[in-house]
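As stored in structure_32.cif (mmCIF, C-alpha atoms):
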```cif
data_entry
#
loop_
_atom_site.label_atom_id
_atom_site.label_comp_id
_atom_site.auth_asym_id
_atom_site.auth_seq_id
_atom_site.Cartn_x
_atom_site.Cartn_y
_atom_site.Cartn_z
CA MET K 200 0.00 0.00 0.00
CA ARG K 201 2.97 2.27 0.62
CA ALA K 202 3.86 1.97 -3.11
CA LEU K 203 0.64 3.70 -4.22
CA PRO K 204 1.45 7.14 -2.70
CA LEU K 205 4.94 6.93 -4.23
CA LEU K 206 3.52 6.18 -7.67
CA LEU K 207 1.03 9.03 -7.36
CA ALA K 208 3.79 11.39 -6.30
CA ALA K 209 5.97 10.33 -9.25
CA TRP K 210 3.05 10.75 -11.66
CA ALA K 211 2.31 14.20 -10.25
CA GLY K 212 6.00 15.17 -10.66
CA ALA K 213 6.02 13.97 -14.26
CA ALA K 214 2.81 15.86 -15.02
CA ALA K 215 4.30 19.02 -13.48
CA ALA K 216 7.48 18.59 -15.53
CA GLU K 217 5.44 18.39 -18.70
CA ALA K 218 3.63 21.71 -18.14
CA LEU K 219 4.66 24.39 -20.68
CA VAL K 220 4.19 28.16 -20.45
CA VAL K 221 4.03 31.00 -22.97
CA PRO K 222 5.16 34.33 -21.40
CA ALA K 223 3.10 37.46 -22.00
CA SER K 224 6.12 39.18 -23.57
CA VAL K 225 8.83 37.56 -25.71
CA GLU K 226 11.91 39.09 -27.37
CA VAL K 227 13.36 37.36 -30.44
CA GLU K 228 16.45 37.78 -32.64
CA GLY K 229 15.31 37.14 -36.22
CA ARG K 230 12.52 38.11 -38.58
CA SER K 231 10.88 34.68 -38.48
CA VAL K 232 9.15 33.57 -35.26
CA SER K 233 8.19 29.95 -34.64
CA LEU K 234 5.92 28.47 -32.01
CA ALA K 235 8.92 26.90 -30.28
CA GLN K 236 10.46 30.36 -29.66
CA LEU K 237 7.43 31.37 -27.59
CA VAL K 238 7.11 28.29 -25.42
CA SER K 239 9.09 27.79 -22.20
CA GLY K 240 9.40 24.42 -20.48
CA PRO K 241 11.21 21.08 -20.57
CA ALA K 242 13.30 20.84 -23.76
CA ALA K 243 11.70 17.67 -25.10
CA GLU K 244 12.40 16.89 -28.74
CA ASP K 245 8.93 15.49 -29.37
CA TRP K 246 7.38 18.96 -28.97
CA ARG K 247 10.35 21.20 -29.87
CA VAL K 248 10.76 19.83 -33.39
CA PRO K 249 7.13 20.19 -34.59
CA ALA K 250 6.75 23.52 -32.75
CA ALA K 251 9.90 24.89 -34.42
CA ALA K 252 8.43 24.02 -37.81
CA LYS K 253 5.28 26.05 -37.08
CA VAL K 254 6.05 29.65 -38.15
CA LEU K 255 3.69 32.26 -36.70
CA ILE K 256 5.39 35.47 -37.93
CA GLY K 257 7.46 35.61 -41.10
CA ASP K 258 8.51 39.23 -41.66
CA LEU K 259 9.18 40.91 -38.31
CA ARG K 260 11.38 43.99 -38.62
CA ALA K 261 14.00 45.10 -36.11
CA GLY K 262 12.40 46.87 -33.16
CA GLU K 263 8.88 45.92 -34.30
CA THR K 264 6.31 44.48 -31.88
CA ARG K 265 3.33 42.33 -32.80
CA ASP K 266 0.63 40.73 -30.70
CA ILE K 267 -0.53 37.13 -31.08
CA PRO K 268 -3.83 36.05 -29.48
CA GLY K 269 -3.48 33.22 -26.97
CA ALA K 270 -6.28 31.32 -28.69
CA ARG K 271 -4.27 31.33 -31.91
CA LEU K 272 -1.25 29.93 -30.06
CA LEU K 273 -3.26 27.09 -28.60
CA ALA K 274 -4.78 26.28 -31.98
CA ALA K 275 -1.30 26.32 -33.58
CA TRP K 276 -0.01 24.05 -30.82
CA LYS K 277 -2.68 21.42 -31.45
CA LEU K 278 -2.18 21.65 -35.19
CA ALA K 279 1.61 21.28 -34.94
CA LEU K 280 1.67 18.37 -32.44
CA GLY K 281 -1.49 16.58 -33.47
CA ALA K 282 -2.31 13.73 -31.06
CA GLY K 283 0.89 14.49 -29.12
CA ALA K 284 -0.51 17.82 -27.94
CA ALA K 285 -2.54 16.07 -25.22
CA ARG K 286 0.66 15.03 -23.43
CA TRP K 287 1.57 18.64 -22.63
CA THR K 288 -0.26 21.31 -20.69
CA LEU K 289 0.28 24.59 -22.52
CA GLN K 290 -0.54 27.73 -20.55
CA ALA K 291 -0.87 30.86 -22.68
CA PRO K 292 -2.06 34.37 -21.73
CA GLU K 293 -4.90 36.06 -23.56
CA ARG K 294 -2.38 37.92 -25.75
CA VAL K 295 1.37 37.52 -26.31
CA SER K 296 3.56 40.51 -27.28
CA VAL K 297 6.44 39.51 -29.59
CA THR K 298 9.27 42.02 -30.14
CA ARG K 299 12.28 41.70 -32.39
CA LYS K 300 15.46 43.12 -30.87
CA ALA K 301 16.24 46.63 -32.09
CA GLY K 302 18.92 46.95 -34.73
CA GLU K 303 20.62 49.93 -36.36
CA PRO K 304 18.61 53.13 -37.05
CA ALA K 305 18.05 53.16 -40.79
CA ALA K 306 17.79 56.87 -41.66
CA GLU K 307 21.47 57.87 -41.69
CA ARG K 308 22.70 54.82 -43.57
CA LEU K 309 19.89 55.00 -46.14
CA ALA K 310 20.69 58.68 -46.72
CA GLN K 311 24.39 57.89 -47.23
CA GLU K 312 23.73 55.07 -49.67
CA GLY K 313 21.13 57.10 -51.58
CA GLU K 314 23.39 60.16 -51.81
CA ALA K 315 26.32 58.11 -53.15
CA ALA K 316 24.14 56.49 -55.81
CA LEU K 317 22.52 59.77 -56.91
CA LYS K 318 25.83 61.65 -57.04
CA ALA K 319 27.28 58.91 -59.25
CA ARG K 320 24.30 59.24 -61.60
CA LEU K 321 24.51 63.06 -61.67
CA GLY K 322 28.18 62.96 -62.60
CA GLY K 323 27.13 63.09 -66.26
CA PHE K 324 24.98 66.19 -65.68
CA CYS K 325 26.68 68.32 -63.07
CA ALA K 326 30.19 69.69 -62.73
CA LYS K 327 29.47 69.82 -58.99
CA ALA K 328 26.45 68.35 -57.20
CA ALA K 329 25.24 68.93 -53.63
CA LEU K 330 22.40 66.88 -52.15
CA ARG K 331 20.36 67.50 -49.01
CA PRO K 332 18.24 64.55 -47.84
CA GLU K 333 14.70 65.23 -46.67
CA GLY K 334 11.77 63.14 -45.52
CA LEU K 335 13.99 60.44 -44.00
CA PRO K 336 12.36 57.29 -42.55
CA ASN K 337 13.49 58.09 -39.01
CA ALA K 338 11.38 55.35 -37.42
CA ALA K 339 12.83 52.60 -39.60
CA MET K 340 15.34 50.13 -38.16
CA LEU K 341 17.82 47.89 -39.97
CA PRO K 342 18.69 44.34 -38.87
CA GLY K 343 21.55 44.20 -36.39
CA GLN K 344 23.71 42.15 -38.74
CA GLY K 345 23.93 41.21 -42.39
CA ALA K 346 21.88 44.03 -43.95
CA ALA K 347 22.75 44.80 -47.57
CA ILE K 348 21.41 47.97 -49.21
CA VAL K 349 20.81 48.37 -52.94
CA ALA K 350 19.98 51.82 -54.35
CA ARG K 351 17.35 51.91 -57.09
CA LEU K 352 17.00 54.84 -59.51
CA SER K 353 15.13 55.37 -62.73
CA PRO K 354 17.36 54.34 -65.68
CA GLN K 355 17.32 57.91 -67.01
CA PRO K 356 16.03 60.19 -64.26
CA ALA K 357 15.05 63.72 -65.29
CA LEU K 358 17.28 66.22 -63.53
CA ALA K 359 15.15 68.21 -61.05
CA ARG K 360 15.33 70.20 -57.83
CA ARG K 361 13.87 67.25 -55.93
CA MET K 362 14.85 63.70 -56.82
CA VAL K 363 14.11 60.37 -55.15
CA VAL K 364 16.18 57.25 -54.59
CA TRP K 365 14.59 53.97 -53.48
CA LEU K 366 16.69 51.89 -51.08
CA ASP K 367 16.03 48.14 -51.01
CA VAL K 368 17.34 46.45 -47.86
CA PHE K 369 18.10 42.74 -47.98
CA GLU K 370 18.56 40.45 -45.01
CA GLY K 371 20.46 37.55 -46.49
CA ARG K 372 18.63 36.83 -49.74
CA GLN K 373 15.28 38.08 -48.51
CA LEU K 374 13.94 41.58 -49.06
CA TYR K 375 13.70 43.16 -45.62
CA GLY K 376 12.10 46.44 -46.69
CA SER K 377 12.18 49.35 -49.17
CA TRP K 378 12.27 53.06 -48.35
CA PRO K 379 12.32 56.20 -50.54
CA VAL K 380 14.73 59.01 -49.69
CA TRP K 381 14.14 62.40 -51.31
CA PHE K 382 16.96 64.84 -51.98
CA GLU K 383 17.03 68.57 -52.64
CA VAL K 384 19.45 68.90 -55.56
CA SER K 385 22.00 71.63 -56.29
CA CYS K 386 23.67 71.12 -59.67
CA GLU K 387 26.38 73.47 -60.93
CA ARG K 388 26.61 73.26 -64.72
CA THR K 389 28.12 75.07 -67.68
CA VAL K 390 25.33 77.13 -69.22
CA VAL K 391 24.83 79.59 -72.07
CA ARG K 392 23.52 82.94 -70.80
CA ALA K 393 22.26 85.95 -72.75
CA ARG K 394 24.56 88.97 -72.35
CA ARG K 395 21.80 91.35 -73.51
CA ASP K 396 18.30 91.25 -74.97
CA ILE K 397 18.31 89.13 -78.14
CA ALA K 398 15.71 89.47 -80.88
CA LYS K 399 14.02 86.46 -82.43
CA GLY K 400 16.02 85.21 -85.42
CA GLU K 401 19.24 86.94 -84.35
CA ALA K 402 22.37 84.83 -84.73
CA LEU K 403 23.86 83.65 -81.42
CA ALA K 404 27.49 84.69 -81.06
CA ALA K 405 30.07 85.81 -78.51
CA ASP K 406 28.74 89.38 -78.60
CA ASN K 407 25.29 88.44 -77.28
CA VAL K 408 25.78 85.18 -75.29
CA GLU K 409 28.43 83.78 -72.93
CA ARG K 410 29.31 80.48 -71.26
CA THR K 411 29.26 80.51 -67.46
CA ILE K 412 28.64 78.28 -64.41
CA ALA K 413 25.23 78.31 -62.73
CA ASP K 414 23.19 76.19 -60.34
CA ILE K 415 20.54 74.85 -62.72
CA ALA K 416 18.80 71.56 -61.91
CA ASP K 417 15.94 71.57 -64.37
CA GLY K 418 15.27 71.96 -68.06
CA ARG K 419 17.23 70.83 -71.13
CA LEU K 420 19.99 73.40 -71.39
CA LEU K 421 21.55 74.61 -74.61
CA SER K 422 24.97 72.99 -74.85
CA GLY K 423 26.39 75.12 -77.67
CA PHE K 424 25.39 78.18 -79.69
CA GLU K 425 27.52 77.83 -82.81
CA ASP K 426 25.47 78.07 -86.03
CA LYS K 427 22.28 78.82 -84.10
CA ILE K 428 19.78 81.65 -83.96
CA ALA K 429 17.34 82.76 -81.28
CA ALA K 430 14.06 80.86 -81.68
CA ARG K 431 12.25 83.53 -79.62
CA ALA K 432 13.00 86.88 -78.04
CA LEU K 433 15.45 86.34 -75.15
CA ALA K 434 15.88 88.61 -72.14
CA ALA K 435 19.29 89.69 -70.89
CA GLY K 436 20.65 87.34 -68.22
CA SER K 437 18.40 84.42 -69.14
CA VAL K 438 19.85 80.90 -69.27
CA LEU K 439 19.20 79.37 -72.67
CA ARG K 440 17.38 76.07 -73.08
CA GLU K 441 17.38 73.92 -76.19
CA ALA K 442 13.96 75.31 -77.13
CA ASP K 443 15.40 78.87 -77.12
CA ALA K 444 17.63 78.22 -80.14
CA ALA K 445 17.21 76.92 -83.66
CA ALA K 446 19.68 75.95 -86.35
CA ALA K 447 20.93 78.96 -88.29
CA PRO K 448 19.62 78.95 -91.86
CA MET K 449 22.18 78.11 -94.52
CA VAL K 450 19.99 79.60 -97.20
CA ARG K 451 17.97 82.77 -96.89
CA LYS K 452 14.62 83.68 -98.38
CA GLY K 453 15.27 85.47 -101.68
CA GLY K 454 18.96 84.57 -101.56
CA ARG K 455 20.85 83.07 -104.50
CA VAL K 456 21.79 79.38 -104.13
CA VAL K 457 23.52 76.76 -106.23
CA ALA K 458 21.04 74.00 -107.10
CA ARG K 459 22.70 70.65 -107.84
CA LEU K 460 20.90 68.19 -110.10
CA ASN K 461 22.16 64.60 -110.34
CA SER K 462 20.87 62.31 -113.10
CA GLY K 463 22.94 59.15 -113.37
CA PRO K 464 26.47 60.17 -114.40
CA VAL K 465 25.31 63.67 -115.31
CA ARG K 466 25.63 66.41 -112.68
CA LEU K 467 24.38 69.93 -113.30
CA GLU K 468 24.69 73.04 -111.18
CA LEU K 469 22.14 75.80 -111.69
CA GLU K 470 21.67 79.20 -110.14
CA ALA K 471 18.41 79.45 -108.19
CA VAL K 472 16.59 81.60 -105.64
CA ALA K 473 15.46 80.17 -102.24
CA MET K 474 11.81 80.78 -101.41
CA GLU K 475 12.32 80.72 -97.61
CA ASP K 476 14.94 80.42 -94.87
CA ALA K 477 16.13 76.85 -94.28
CA ALA K 478 18.81 75.10 -92.19
CA LEU K 479 21.04 72.20 -93.15
CA GLY K 480 19.02 69.13 -94.17
CA GLU K 481 15.69 70.97 -94.38
CA VAL K 482 13.50 70.93 -97.47
CA VAL K 483 13.06 74.28 -99.22
CA TYR K 484 11.42 75.33 -102.48
CA ALA K 485 13.49 77.26 -105.03
CA ARG K 486 13.05 78.72 -108.53
CA ARG K 487 15.26 79.78 -111.38
CA PRO K 488 15.87 83.53 -111.61
CA LYS K 489 13.24 85.28 -113.73
CA GLU K 490 11.05 82.14 -113.66
CA GLN K 491 7.94 81.48 -111.61
CA ALA K 492 7.96 77.65 -111.56
CA VAL K 493 9.29 76.25 -108.27
CA PHE K 494 10.97 72.95 -107.48
CA LYS K 495 11.73 71.09 -104.26
CA THR K 496 15.27 70.95 -102.87
CA ARG K 497 17.12 69.97 -99.72
CA VAL K 498 19.78 72.20 -98.11
CA ALA K 499 23.21 70.57 -98.53
CA GLY K 500 25.40 73.40 -97.25
CA ALA K 501 25.82 77.15 -97.08
CA GLY K 502 24.15 78.52 -100.22
CA MET K 503 23.82 75.04 -101.74
CA VAL K 504 20.80 72.79 -102.32
CA ASP K 505 20.18 69.41 -103.94
CA VAL K 506 17.19 69.14 -106.28
CA LEU K 507 14.77 66.40 -105.16
#
```
Structure encoded using structure tokens:
Amino acid sequence: MRALPLLLAAWAGAAAAEALVVPASVEVEGRSVSLAQLVSGPAAEDWRVPAAAKVLIGDLRAGETRDIPGARLLAAWKLALGAGAARWTLQAPERVSVTRKAGEPAAERLAQEGEAALKARLGGFCAKAALRPEGLPNAAMLPGQGAAIVARLSPQPALARRMVVWLDVFEGRQLYGSWPVWFEVSCERTVVRARRDIAKGEALAADNVERTIADIADGRLLSGFEDKIAARALAAGSVLREADAAAAPMVRKGGRVVARLNSGPVRLELEAVAMEDAALGEVVYARRPKEQAVFKTRVAGAGMVDVL
């Protein structure tokens, strides 16, 4: 009869040893959280292995906290262990708070990576570029270890006062998160500036325009003014864009031109009169002096056209 109390005591001890507990608050290291990481108790392989295979959270960021209902934990426990779940007594609170350990603040590093990438891209536009980051993701955190950052820009971004760089953060081979960083752009460039007021149609030359350095981060600037005329009236001091200039005409309306006519091996050159201004490669009508009939030509050079 003395053996019965001993057996009951041993059974009670075994039952107590097999009781498992889920704390109300749990801190984890990685982005993936399994059921096994939330359960405290005897380290028995028959529950640890299936519980470790049951992932409850798959994309937890550094410093982030998420709540898991206790009822969901108990349901996951039964699903993971199947018939073996009855062997263990799992005690779970009404809600469990799961927090990933804080890592590195993201804002400064994202700004550095974005600035380096944007400056490299602007090297083809600007003689000197200065960038000021704005709208940084100050609340974002990077993983404590192993974070790789890849800057993503448009293949041919339009130069502007405000430009954006997307930063993709990878944890191992998995995408951890993506954040945009905006920059205020200062871009010093060589520009063509009007020295004085320039009338429409006036030839651009050293007496009315000059090359200088200016902070211009928008618009398609005029790169050169040789053999060009003003396409519109230009105010003194204005920076010239491509739309402000047009190719200088190589033939003038009413001017005499040499019209070349090719017919097989025969080549004739005739004197003609241009009916309008035209630049190199443009089509212009011409006529023989003292004749009214016109014919189509293409400008081949200064004062020279090819009959079409």
Fill in: Expansion of the PyMOL selection byres ((chain K and resi 406) around 12) into residues, as number ranges by chain
K: 392-397, 401-405, 407-410, 424
Item to complete: Compare K:Gln491, K:Lys399, K:Gln290, K:Ala223 by their minimum atom-to-atom distance to K:Ala434, counting only C-alpha atoms, and give me the closest one.
Response: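 Ranked by minimum distance to K:Ala434, first place goes to K:Lys399.
Atom pair atom CA of K:Asp367 / atom CA of K:Gly323: separated by 24.1 Å.
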Item to complete: Go through the shown structure with the PyMOL selection byres ((chain K and resi 456) around 12) and write out the matching residues as number ranges by chain.
Response: K: 449-455, 457-459, 468-477, 483-488, 496-506
Worksheet item: At what distance in Å, to one decimal, does atom CA of K:Gln373 lie from atom CA of K:Pro356?
Response: 27.2 Å
Please rebuild stretch 392-409 of chain K with N, CA, C and O atoms and give the result as a tab-separated table (two decimals), in the frame of the given file.
```
chain	number	residue	atom	x	y	z
K	392	ARG	N	24.36	81.86	-71.33
K	392	ARG	CA	23.52	82.94	-70.80
K	392	ARG	C	23.52	84.13	-71.77
K	392	ARG	O	24.54	84.45	-72.39
K	393	ALA	N	22.37	84.78	-71.88
K	393	ALA	CA	22.26	85.95	-72.75
K	393	ALA	C	22.96	87.15	-72.11
K	393	ALA	O	22.67	87.50	-70.98
K	394	ARG	N	23.87	87.79	-72.86
K	394	ARG	CA	24.56	88.97	-72.35
K	394	ARG	C	23.64	90.19	-72.37
K	394	ARG	O	23.77	91.11	-71.56
K	395	ARG	N	22.72	90.22	-73.32
K	395	ARG	CA	21.80	91.35	-73.51
K	395	ARG	C	20.50	90.81	-74.09
K	395	ARG	O	20.37	89.60	-74.32
K	396	ASP	N	19.54	91.67	-74.30
K	396	ASP	CA	18.30	91.25	-74.97
K	396	ASP	C	18.64	90.80	-76.39
K	396	ASP	O	19.42	91.46	-77.10
K	397	ILE	N	18.04	89.69	-76.81
K	397	ILE	CA	18.31	89.13	-78.14
K	397	ILE	C	16.98	89.01	-78.87
K	397	ILE	O	16.02	88.45	-78.35
K	398	ALA	N	16.94	89.52	-80.08
K	398	ALA	CA	15.71	89.47	-80.88
K	398	ALA	C	15.55	88.09	-81.50
K	398	ALA	O	16.53	87.38	-81.76
K	399	LYS	N	14.30	87.72	-81.75
K	399	LYS	CA	14.02	86.46	-82.43
K	399	LYS	C	14.68	86.44	-83.81
K	399	LYS	O	14.60	87.42	-84.55
K	400	GLY	N	15.35	85.35	-84.14
K	400	GLY	CA	16.02	85.21	-85.42
K	400	GLY	C	17.43	85.72	-85.45
K	400	GLY	O	18.16	85.48	-86.42
K	401	GLU	N	17.88	86.41	-84.39
K	401	GLU	CA	19.24	86.94	-84.35
K	401	GLU	C	20.23	85.80	-84.15
K	401	GLU	O	20.01	84.88	-83.35
K	402	ALA	N	21.34	85.86	-84.86
K	402	ALA	CA	22.37	84.83	-84.73
K	402	ALA	C	23.00	84.89	-83.34
K	402	ALA	O	23.27	85.98	-82.81
K	403	LEU	N	23.21	83.71	-82.73
K	403	LEU	CA	23.86	83.65	-81.42
K	403	LEU	C	25.37	83.65	-81.62
K	403	LEU	O	25.90	82.84	-82.39
K	404	ALA	N	26.04	84.55	-80.91
K	404	ALA	CA	27.49	84.69	-81.06
K	404	ALA	C	28.06	85.25	-79.76
K	404	ALA	O	27.33	85.55	-78.81
K	405	ALA	N	29.38	85.39	-79.73
K	405	ALA	CA	30.07	85.81	-78.51
K	405	ALA	C	29.67	87.21	-78.08
K	405	ALA	O	29.86	87.57	-76.91
K	406	ASP	N	29.11	88.02	-78.98
K	406	ASP	CA	28.74	89.38	-78.60
K	406	ASP	C	27.41	89.45	-77.87
K	406	ASP	O	27.09	90.47	-77.24
K	407	ASN	N	26.59	88.38	-77.96
K	407	ASN	CA	25.29	88.44	-77.28
K	407	ASN	C	25.04	87.30	-76.29
K	407	ASN	O	24.07	87.32	-75.55
K	408	VAL	N	25.90	86.26	-76.28
K	408	VAL	CA	25.78	85.18	-75.29
K	408	VAL	C	27.16	84.86	-74.72
K	408	VAL	O	28.20	85.20	-75.30
K	409	GLU	N	27.18	84.18	-73.57
K	409	GLU	CA	28.43	83.78	-72.93
K	409	GLU	C	28.24	82.45	-72.23
K	409	GLU	O	27.12	82.09	-71.84
```
